[in-house]
>>> print(open('entry.pdb').read())   # PDB, C-alpha atoms
ATOM      1  CA  MET R   4     109.304  72.864 110.100
ATOM      2  CA  LEU R   5     107.277  70.998 107.524
ATOM      3  CA  GLU R   6     106.645  71.820 103.895
ATOM      4  CA  ASN R   7     103.350  70.095 103.114
ATOM      5  CA  ASP R   8     101.327  69.834  99.933
ATOM      6  CA  ARG R   9      98.191  70.815 101.917
ATOM      7  CA  PRO R  10      97.343  72.444 105.260
ATOM      8  CA  LEU R  11      96.898  70.533 108.488
ATOM      9  CA  SER R  12      93.987  72.805 109.462
ATOM     10  CA  ASP R  13      92.594  76.271 108.825
ATOM     11  CA  THR R  14      94.200  77.666 112.015
ATOM     12  CA  TYR R  15      97.199  79.981 111.828
ATOM     13  CA  TRP R  16      98.516  79.678 115.406
ATOM     14  CA  LEU R  17      97.561  76.824 117.683
ATOM     15  CA  ASN R  18      98.836  76.972 121.271
ATOM     16  CA  VAL R  19      99.132  73.456 122.675
ATOM     17  CA  THR R  20      98.747  72.787 126.391
ATOM     18  CA  ASP R  21      98.606  68.991 126.173
ATOM     19  CA  PRO R  22     101.579  67.785 128.282
ATOM     20  CA  GLY R  23     101.786  64.664 126.093
ATOM     21  CA  PHE R  24     102.400  66.705 122.936
ATOM     22  CA  PRO R  25     106.081  67.619 122.510
ATOM     23  CA  TYR R  26     105.491  71.138 121.115
ATOM     24  CA  VAL R  27     103.811  74.211 122.560
ATOM     25  CA  GLY R  28     102.721  75.586 119.223
ATOM     26  CA  VAL R  29     101.701  74.477 115.752
ATOM     27  CA  ILE R  30     102.004  77.516 113.518
ATOM     28  CA  GLU R  31     100.665  77.097 110.000
ATOM     29  CA  HIS R  32     102.329  80.129 108.487
ATOM     30  CA  THR R  33     100.595  79.705 105.156
ATOM     31  CA  ASN R  34      97.212  80.109 106.811
ATOM     32  CA  LEU R  35      98.319  83.750 107.234
ATOM     33  CA  ASP R  36     100.613  84.228 104.224
ATOM     34  CA  PRO R  37      99.363  82.298 101.157
ATOM     35  CA  ALA R  38     101.106  79.098 100.064
ATOM     36  CA  TRP R  39     101.709  80.506  96.579
ATOM     37  CA  HIS R  40     104.411  82.681  98.194
ATOM     38  CA  TYR R  41     106.203  79.405  98.984
ATOM     39  CA  GLY R  42     105.843  77.579  95.709
ATOM     40  CA  GLY R  43     102.514  76.072  96.750
ATOM     41  CA  ARG R  44     103.980  74.486  99.877
ATOM     42  CA  HIS R  45     102.112  74.791 103.168
ATOM     43  CA  VAL R  46     104.595  75.834 105.857
ATOM     44  CA  VAL R  47     104.075  74.447 109.377
ATOM     45  CA  TYR R  48     106.313  75.384 112.309
ATOM     46  CA  LEU R  49     106.413  73.217 115.397
ATOM     47  CA  SER R  50     107.541  75.390 118.293
ATOM     48  CA  LYS R  51     109.266  74.360 121.504
ATOM     49  CA  TYR R  52     111.657  76.204 123.805
ATOM     50  CA  LEU R  53     113.742  73.776 125.809
ATOM     51  CA  PRO R  54     117.161  73.486 127.420
ATOM     52  CA  ALA R  55     119.989  72.317 125.153
ATOM     53  CA  GLY R  56     120.602  69.245 127.303
ATOM     54  CA  THR R  57     117.165  67.676 126.848
ATOM     55  CA  GLY R  58     116.531  64.569 124.758
ATOM     56  CA  LEU R  59     114.472  66.281 122.052
ATOM     57  CA  TYR R  60     117.091  69.009 121.609
ATOM     58  CA  ARG R  61     119.927  66.471 121.297
ATOM     59  CA  MET R  62     117.984  64.026 119.116
ATOM     60  CA  PRO R  63     119.272  63.662 115.510
ATOM     61  CA  ASP R  64     117.211  65.555 112.922
ATOM     62  CA  ASP R  65     115.705  62.472 111.281
ATOM     63  CA  GLN R  66     114.561  61.194 114.685
ATOM     64  CA  VAL R  67     113.006  64.577 115.509
ATOM     65  CA  TYR R  68     111.091  64.360 112.234
ATOM     66  CA  ARG R  69     109.819  60.811 112.902
ATOM     67  CA  TYR R  70     108.965  61.640 116.521
ATOM     68  CA  SER R  71     107.028  64.738 115.392
ATOM     69  CA  LEU R  72     104.999  62.781 112.836
ATOM     70  CA  LEU R  73     103.682  60.418 115.516
ATOM     71  CA  HIS R  74     102.374  63.314 117.580
ATOM     72  CA  LEU R  75     101.001  65.258 114.631
ATOM     73  CA  ARG R  76      98.902  62.251 113.616
ATOM     74  CA  ARG R  77      97.433  62.204 117.107
ATOM     75  CA  MET R  78      96.443  65.880 116.901
ATOM     76  CA  PHE R  79      95.481  65.861 113.202
ATOM     77  CA  PRO R  80      94.094  62.354 112.495
ATOM     78  CA  ALA R  81      93.733  62.983 108.732
ATOM     79  CA  PHE R  82      97.423  63.937 108.409
ATOM     80  CA  ARG R  83      99.589  61.568 106.345
ATOM     81  CA  GLU R  84     103.342  61.542 105.872
ATOM     82  CA  GLU R  85     102.773  61.620 102.102
ATOM     83  CA  TRP R  86     101.706  65.260 102.488
ATOM     84  CA  VAL R  87     105.252  66.206 103.542
ATOM     85  CA  ARG R  88     107.384  67.512 100.666
ATOM     86  CA  GLY R  89     110.244  68.685 102.841
ATOM     87  CA  TRP R  90     111.204  69.151 106.476
ATOM     88  CA  HIS R  91     113.822  71.079 108.452
ATOM     89  CA  VAL R  92     115.022  71.126 112.047
ATOM     90  CA  TRP R  93     116.607  74.216 113.601
ATOM     91  CA  ARG R  94     118.102  74.649 117.012
ATOM     92  CA  ALA R  95     119.372  77.748 118.772
ATOM     93  CA  GLU R  96     120.638  77.741 122.329
ATOM     94  CA  HIS R  97     119.642  81.376 122.813
ATOM     95  CA  ALA R  98     116.339  81.660 120.994
ATOM     96  CA  GLN R  99     114.690  84.156 123.316
ATOM     97  CA  PRO R 100     115.711  86.499 126.106
ATOM     98  CA  VAL R 101     115.521  85.286 129.662
ATOM     99  CA  ILE R 102     113.391  87.709 131.622
ATOM    100  CA  THR R 103     114.642  88.060 135.173
ATOM    101  CA  ARG R 104     113.470  90.092 138.130
ATOM    102  CA  HIS R 105     113.850  93.851 137.522
ATOM    103  CA  TYR R 106     114.262  93.246 133.764
ATOM    104  CA  SER R 107     112.608  96.613 133.145
ATOM    105  CA  ARG R 108     115.849  98.209 134.377
ATOM    106  CA  THR R 109     117.952  96.434 131.742
ATOM    107  CA  VAL R 110     115.719  96.321 128.639
ATOM    108  CA  PRO R 111     117.985  97.440 125.779
ATOM    109  CA  ALA R 112     117.113 100.843 124.363
ATOM    110  CA  THR R 113     116.090 101.100 120.717
ATOM    111  CA  GLU R 114     118.902 103.590 120.102
ATOM    112  CA  SER R 115     122.196 101.970 121.042
ATOM    113  CA  PRO R 116     125.314 103.743 122.329
ATOM    114  CA  LEU R 117     126.905 103.140 118.900
ATOM    115  CA  PRO R 118     125.963 105.935 116.475
ATOM    116  CA  GLY R 119     123.652 104.662 113.746
ATOM    117  CA  LEU R 120     122.929 101.309 115.431
ATOM    118  CA  TYR R 121     119.298 100.748 116.392
ATOM    119  CA  LEU R 122     117.793  97.667 118.013
ATOM    120  CA  ALA R 123     114.380  96.135 117.486
ATOM    121  CA  GLY R 124     114.291  92.600 118.815
ATOM    122  CA  MET R 125     112.644  90.207 121.196
ATOM    123  CA  ALA R 126     114.729  91.499 124.128
ATOM    124  CA  GLN R 127     112.662  94.698 123.953
ATOM    125  CA  VAL R 128     109.280  92.984 124.023
ATOM    126  CA  PHE R 129     108.525  93.700 127.651
ATOM    127  CA  PRO R 130     106.428  93.455 129.769
ATOM    128  CA  GLU R 131     104.432  91.489 127.196
ATOM    129  CA  ASP R 132     105.420  88.000 126.128
ATOM    130  CA  ARG R 133     106.864  87.364 122.685
ATOM    131  CA  GLY R 134     104.495  87.964 119.813
ATOM    132  CA  THR R 135     104.463  89.018 116.186
ATOM    133  CA  ASN R 136     102.339  92.065 117.003
ATOM    134  CA  TYR R 137     104.885  93.233 119.595
ATOM    135  CA  ALA R 138     107.797  92.610 117.233
ATOM    136  CA  LEU R 139     105.988  94.702 114.624
ATOM    137  CA  ARG R 140     105.411  97.453 117.180
ATOM    138  CA  GLY R 141     109.128  97.458 118.054
ATOM    139  CA  GLY R 142     110.126  97.622 114.396
ATOM    140  CA  GLN R 143     107.751 100.525 113.795
ATOM    141  CA  ARG R 144     109.127 102.327 116.853
ATOM    142  CA  ALA R 145     112.696 101.850 115.626
ATOM    143  CA  GLY R 146     111.722 102.985 112.113
ATOM    144  CA  ARG R 147     110.128 106.184 113.444
ATOM    145  CA  LEU R 148     113.193 106.895 115.583
ATOM    146  CA  ILE R 149     115.544 106.385 112.625
ATOM    147  CA  ALA R 150     113.373 108.632 110.416
ATOM    148  CA  ASP R 151     113.379 111.328 113.132
ATOM    149  CA  ARG R 152     117.186 111.159 113.383
ATOM    150  CA  ILE R 153     117.550 111.420 109.585
ATOM    151  CA  ARG R 154     115.196 114.426 109.446
ATOM    152  CA  ALA R 155     117.054 116.110 112.307
ATOM    153  CA  ALA R 156     120.411 115.545 110.586
ATOM    154  CA  ALA R 157     119.051 116.923 107.291
ATOM    155  CA  ALA R 158     117.795 120.056 109.058
ATOM    156  CA  ARG R 159     121.252 120.885 110.442
ATOM    157  CA  PRO R 160     123.466 123.050 108.230
ATOM    158  CA  ALA R 161     126.040 121.037 106.323
ATOM    159  CA  HIS R 162     128.860 123.429 107.208
ATOM    160  CA  PRO R 163     128.662 125.613 110.270
ATOM    161  CA  ALA R 164     129.194 129.333 109.722
ATOM    162  CA  PRO R 165     132.800 130.337 110.425
ATOM    163  CA  LEU R 166     133.450 131.909 113.764
ATOM    164  CA  THR R 167     134.680 135.460 113.634
ATOM    165  CA  THR R 168     136.555 137.252 116.336
ATOM    166  CA  GLY R 169     137.232 140.900 116.717
ATOM    167  CA  ALA R 170     135.809 143.812 114.784
ATOM    168  CA  ALA R 171     135.239 143.670 111.083
ATOM    169  CA  THR R 172     137.476 145.986 109.044
TER     170      THR R 172
END
>>> encode(input="entry.pdb", output="structure tokens")
Amino acid sequence: MLENDRPLSDTYWLNVTDPGFPYVGVIEHTNLDPAWHYGGRHVVYLSKYLPAGTGLYRMPDDQVYRYSLLHLRRMFPAFREEWVRGWHVWRAEHAQPVITRHYSRTVPATESPLPGLYLAGMAQVFPEDRGTNYALRGGQRAGRLIADRIRAAAARPAHPAPLTTGAAT
């Protein structure tokens, strides 16, 4: 992730299919959400899902940064390292669910078996591929379900009427 003093382009999400480019996406977040939200910095994510044993995954952070700059200059010829005000590298071995055959049978439900625990995550984005719009849809679905459960609980009497047996005297 780069924090630049200016944008690379005017594109928010750029899918990259060039096999010589090490990332599959260049996401300029601040082309969607203004840079003033980030202290004037232009936030650029470089996206790549890869196995933990690969060279890029195991490469030290400073080498990842240098390696990325070389490729960014190729894609954005005007780009200069002087634009970069900060950079960060994150890794997660389990960054997305692995969709297997018959996944539709195991997609986690929004309402979990634990009372009060609701799920809205990437594991539920199915059959579509990951995407912000689908994540938003899942969050809205979970929110509506939670609101319905709260309304239903509020409609129930707080204390049930006592049970009576036998005839009243």
>>> resolve_selection(input="entry.pdb", expression="the PyMOL selection byres ((chain R and resi 44) around 10)", output="NGL selection string")
:R and (5-10 or 33 or 37-43 or 45-47 or 86-89)
>>> resolve_selection(input="entry.pdb", expression="the PyMOL selection byres ((chain R and resi 112) around 9)", output="NGL selection string")
:R and (109-111 or 113-116 or 121-123 or 127)
>>> closest_residue(input="entry.pdb", among="R:Leu11, R:Ala126, R:Ala158, R:Ala55", to="Ala81 in chain R", atoms="only C-alpha atoms")
R:Leu11
>>> closest_residue(input="entry.pdb", among="R:Tyr70, R:Phe24, R:Phe129, R:Phe82", to="Ile102 in chain R", atoms="all atoms listed in the file")
R:Phe129
>>> resolve_selection(input="entry.pdb", expression="the PyMOL selection byres ((chain R and resi 13) around 10)", output="list of chain:residue names")
R:Pro10, R:Leu11, R:Ser12, R:Thr14, R:Tyr15, R:Trp16, R:Glu31, R:Thr33, R:Asn34, R:Leu35
>>> atom_distance(input="entry.pdb", atom1="CA of Tyr48 in chain R", atom2="CA of Tyr26 in chain R")
9.8 Å
>>> atom_distance(input="entry.pdb", atom1="CA of Ala145 in chain R", atom2="CA of Met125 in chain R")
12.9 Å
>>> axis_aligned_box(input="entry.pdb", around="range 44-55 of chain R", padding_each_side="4 Å", output="lines of an AutoDock Vina configuration file")
center_x = 111.1
center_y = 74.3
center_z = 113.6
size_x = 25.9
size_y = 11.9
size_z = 35.5
>>> residues_around(input="entry.pdb", residues="Leu73 in chain R", least_positions_apart="2", cutoff="12 Å", atoms="all atoms listed in the file", output="ChimeraX atom specification")
/R:23-25,66-71,75-80,82-84
>>> residues_around(input="entry.pdb", residues="Ala95 in chain R", least_positions_apart="4", cutoff="10 Å", atoms="only C-alpha atoms", output="PyMOL selection string")
chain R and resi 52-55+60+99
>>> closest_residue(input="entry.pdb", among="R:Arg108, R:Leu117, R:Pro63, R:Arg159", to="His91 in chain R", atoms="only C-alpha atoms")
R:Pro63
>>> closest_residue(input="entry.pdb", among="R:Ile149, R:Thr135, R:Gly141, R:Lys51", to="His32 in chain R", atoms="all atoms listed in the file")
R:Thr135
>>> atom_distance(input="entry.pdb", atom1="CA of Asp65 in chain R", atom2="CA of Trp90 in chain R")
9.4 Å
>>> residues_near_point(input="entry.pdb", point="(99.2, 77.0, 123.0)", cutoff="10 Å", atoms="only C-alpha atoms", output="list in words")
Trp16, Leu17, Asn18, Val19, Thr20, Asp21, Tyr26, Val27, Gly28, Val29, Ile30 and Ser50 of chain R
>>> write_last_selection(input="entry.pdb", atoms="C-alpha atoms", output="mmCIF file, keeping the file's coordinate frame")
data_model
loop_
_atom_site.group_PDB
_atom_site.id
_atom_site.type_symbol
_atom_site.label_atom_id
_atom_site.label_comp_id
_atom_site.auth_asym_id
_atom_site.auth_seq_id
_atom_site.Cartn_x
_atom_site.Cartn_y
_atom_site.Cartn_z
ATOM 1 C CA TRP R 16 98.516 79.678 115.406
ATOM 2 C CA LEU R 17 97.561 76.824 117.683
ATOM 3 C CA ASN R 18 98.836 76.972 121.271
ATOM 4 C CA VAL R 19 99.132 73.456 122.675
ATOM 5 C CA THR R 20 98.747 72.787 126.391
ATOM 6 C CA ASP R 21 98.606 68.991 126.173
ATOM 7 C CA TYR R 26 105.491 71.138 121.115
ATOM 8 C CA VAL R 27 103.811 74.211 122.560
ATOM 9 C CA GLY R 28 102.721 75.586 119.223
ATOM 10 C CA VAL R 29 101.701 74.477 115.752
ATOM 11 C CA ILE R 30 102.004 77.516 113.518
ATOM 12 C CA SER R 50 107.541 75.390 118.293
#
>>> closest_residue(input="entry.pdb", among="R:Gln143, R:Trp93, R:His105, R:Pro118", to="Pro130 in chain R", atoms="all atoms listed in the file")
R:His105
>>> decode(input="entry.pdb", residues="range 109-146 of chain R", atoms="N, CA and C atoms", output="CSV table (one decimal), in the first residue's frame")
chain,number,residue,atom,x,y,z
R,109,THR,N,-22.2,-25.4,2.0
R,109,THR,CA,-21.4,-25.1,3.2
R,109,THR,C,-21.3,-23.6,3.5
R,110,VAL,N,-21.9,-22.7,2.6
R,110,VAL,CA,-21.8,-21.3,2.9
R,110,VAL,C,-22.3,-21.0,4.3
R,111,PRO,N,-21.5,-20.3,5.1
R,111,PRO,CA,-22.0,-20.0,6.4
R,111,PRO,C,-23.3,-19.1,6.4
R,112,ALA,N,-24.2,-19.4,7.3
R,112,ALA,CA,-25.4,-18.6,7.4
R,112,ALA,C,-25.1,-17.3,8.0
R,113,THR,N,-25.9,-16.3,7.7
R,113,THR,CA,-25.7,-15.0,8.4
R,113,THR,C,-26.0,-15.1,9.9
R,114,GLU,N,-27.0,-15.8,10.3
R,114,GLU,CA,-27.3,-16.0,11.7
R,114,GLU,C,-26.6,-17.3,12.1
R,115,SER,N,-25.6,-17.1,13.1
R,115,SER,CA,-24.8,-18.3,13.5
R,115,SER,C,-25.6,-19.1,14.6
R,116,PRO,N,-25.1,-20.3,14.9
R,116,PRO,CA,-25.7,-21.1,15.9
R,116,PRO,C,-25.6,-20.4,17.3
R,117,LEU,N,-24.6,-19.5,17.5
R,117,LEU,CA,-24.5,-18.8,18.8
R,117,LEU,C,-25.4,-17.6,18.8
R,118,PRO,N,-26.3,-17.6,19.8
R,118,PRO,CA,-27.2,-16.5,19.9
R,118,PRO,C,-26.6,-15.1,19.9
R,119,GLY,N,-27.0,-14.2,19.1
R,119,GLY,CA,-26.5,-12.9,19.0
R,119,GLY,C,-25.3,-12.7,18.1
R,120,LEU,N,-24.8,-13.8,17.5
R,120,LEU,CA,-23.6,-13.7,16.7
R,120,LEU,C,-24.1,-13.8,15.2
R,121,TYR,N,-23.8,-12.8,14.4
R,121,TYR,CA,-24.2,-12.7,13.0
R,121,TYR,C,-22.9,-12.6,12.2
R,122,LEU,N,-23.0,-13.2,11.0
R,122,LEU,CA,-21.8,-13.1,10.1
R,122,LEU,C,-22.1,-12.4,8.8
R,123,ALA,N,-21.2,-11.6,8.4
R,123,ALA,CA,-21.3,-10.9,7.1
R,123,ALA,C,-19.8,-10.8,6.6
R,124,GLY,N,-19.4,-11.7,5.9
R,124,GLY,CA,-18.0,-11.7,5.4
R,124,GLY,C,-17.8,-12.3,4.0
R,125,MET,N,-16.6,-12.3,3.6
R,125,MET,CA,-16.3,-12.8,2.2
R,125,MET,C,-16.7,-14.3,2.0
R,126,ALA,N,-16.8,-15.1,3.0
R,126,ALA,CA,-17.2,-16.5,2.9
R,126,ALA,C,-18.6,-16.6,2.4
R,127,GLN,N,-19.4,-15.5,2.6
R,127,GLN,CA,-20.8,-15.6,2.2
R,127,GLN,C,-21.0,-15.0,0.8
R,128,VAL,N,-20.0,-14.4,0.2
R,128,VAL,CA,-20.1,-13.9,-1.2
R,128,VAL,C,-20.0,-15.0,-2.1
R,129,PHE,N,-21.2,-15.6,-2.5
R,129,PHE,CA,-21.3,-16.7,-3.3
R,129,PHE,C,-22.6,-16.7,-4.0
R,130,PRO,N,-22.8,-17.0,-5.3
R,130,PRO,CA,-21.8,-17.5,-6.2
R,130,PRO,C,-20.9,-16.5,-6.9
R,131,GLU,N,-21.1,-15.2,-6.5
R,131,GLU,CA,-20.3,-14.2,-7.1
R,131,GLU,C,-18.9,-14.2,-6.6
R,132,ASP,N,-18.0,-13.5,-7.3
R,132,ASP,CA,-16.6,-13.4,-6.8
R,132,ASP,C,-16.6,-12.2,-5.8
R,133,ARG,N,-15.5,-12.1,-5.1
R,133,ARG,CA,-15.4,-11.0,-4.1
R,133,ARG,C,-15.6,-9.7,-4.7
R,134,GLY,N,-16.2,-8.8,-4.0
R,134,GLY,CA,-16.4,-7.4,-4.5
R,134,GLY,C,-17.0,-6.6,-3.4
R,135,THR,N,-16.7,-5.3,-3.4
R,135,THR,CA,-17.2,-4.4,-2.4
R,135,THR,C,-18.7,-4.3,-2.5
R,136,ASN,N,-19.3,-4.4,-3.6
R,136,ASN,CA,-20.8,-4.3,-3.7
R,136,ASN,C,-21.4,-5.5,-3.1
R,137,TYR,N,-20.8,-6.7,-3.2
R,137,TYR,CA,-21.3,-7.9,-2.6
R,137,TYR,C,-21.1,-7.9,-1.1
R,138,ALA,N,-20.0,-7.3,-0.6
R,138,ALA,CA,-19.8,-7.2,0.8
R,138,ALA,C,-20.8,-6.3,1.4
R,139,LEU,N,-21.1,-5.2,0.7
R,139,LEU,CA,-22.1,-4.2,1.2
R,139,LEU,C,-23.5,-4.9,1.3
R,140,ARG,N,-23.8,-5.7,0.2
R,140,ARG,CA,-25.1,-6.4,0.2
R,140,ARG,C,-25.2,-7.3,1.4
R,141,GLY,N,-24.1,-8.1,1.7
R,141,GLY,CA,-24.1,-9.0,2.9
R,141,GLY,C,-24.2,-8.2,4.2
R,142,GLY,N,-23.6,-7.1,4.3
R,142,GLY,CA,-23.7,-6.3,5.5
R,142,GLY,C,-25.1,-5.8,5.7
R,143,GLN,N,-25.7,-5.3,4.6
R,143,GLN,CA,-27.1,-4.9,4.7
R,143,GLN,C,-28.1,-6.0,5.1
R,144,ARG,N,-27.8,-7.2,4.5
R,144,ARG,CA,-28.6,-8.4,4.8
R,144,ARG,C,-28.5,-8.7,6.3
R,145,ALA,N,-27.3,-8.7,6.8
R,145,ALA,CA,-27.1,-9.0,8.2
R,145,ALA,C,-27.7,-7.9,9.1
R,146,GLY,N,-27.6,-6.6,8.7
R,146,GLY,CA,-28.2,-5.5,9.5
R,146,GLY,C,-29.7,-5.7,9.5
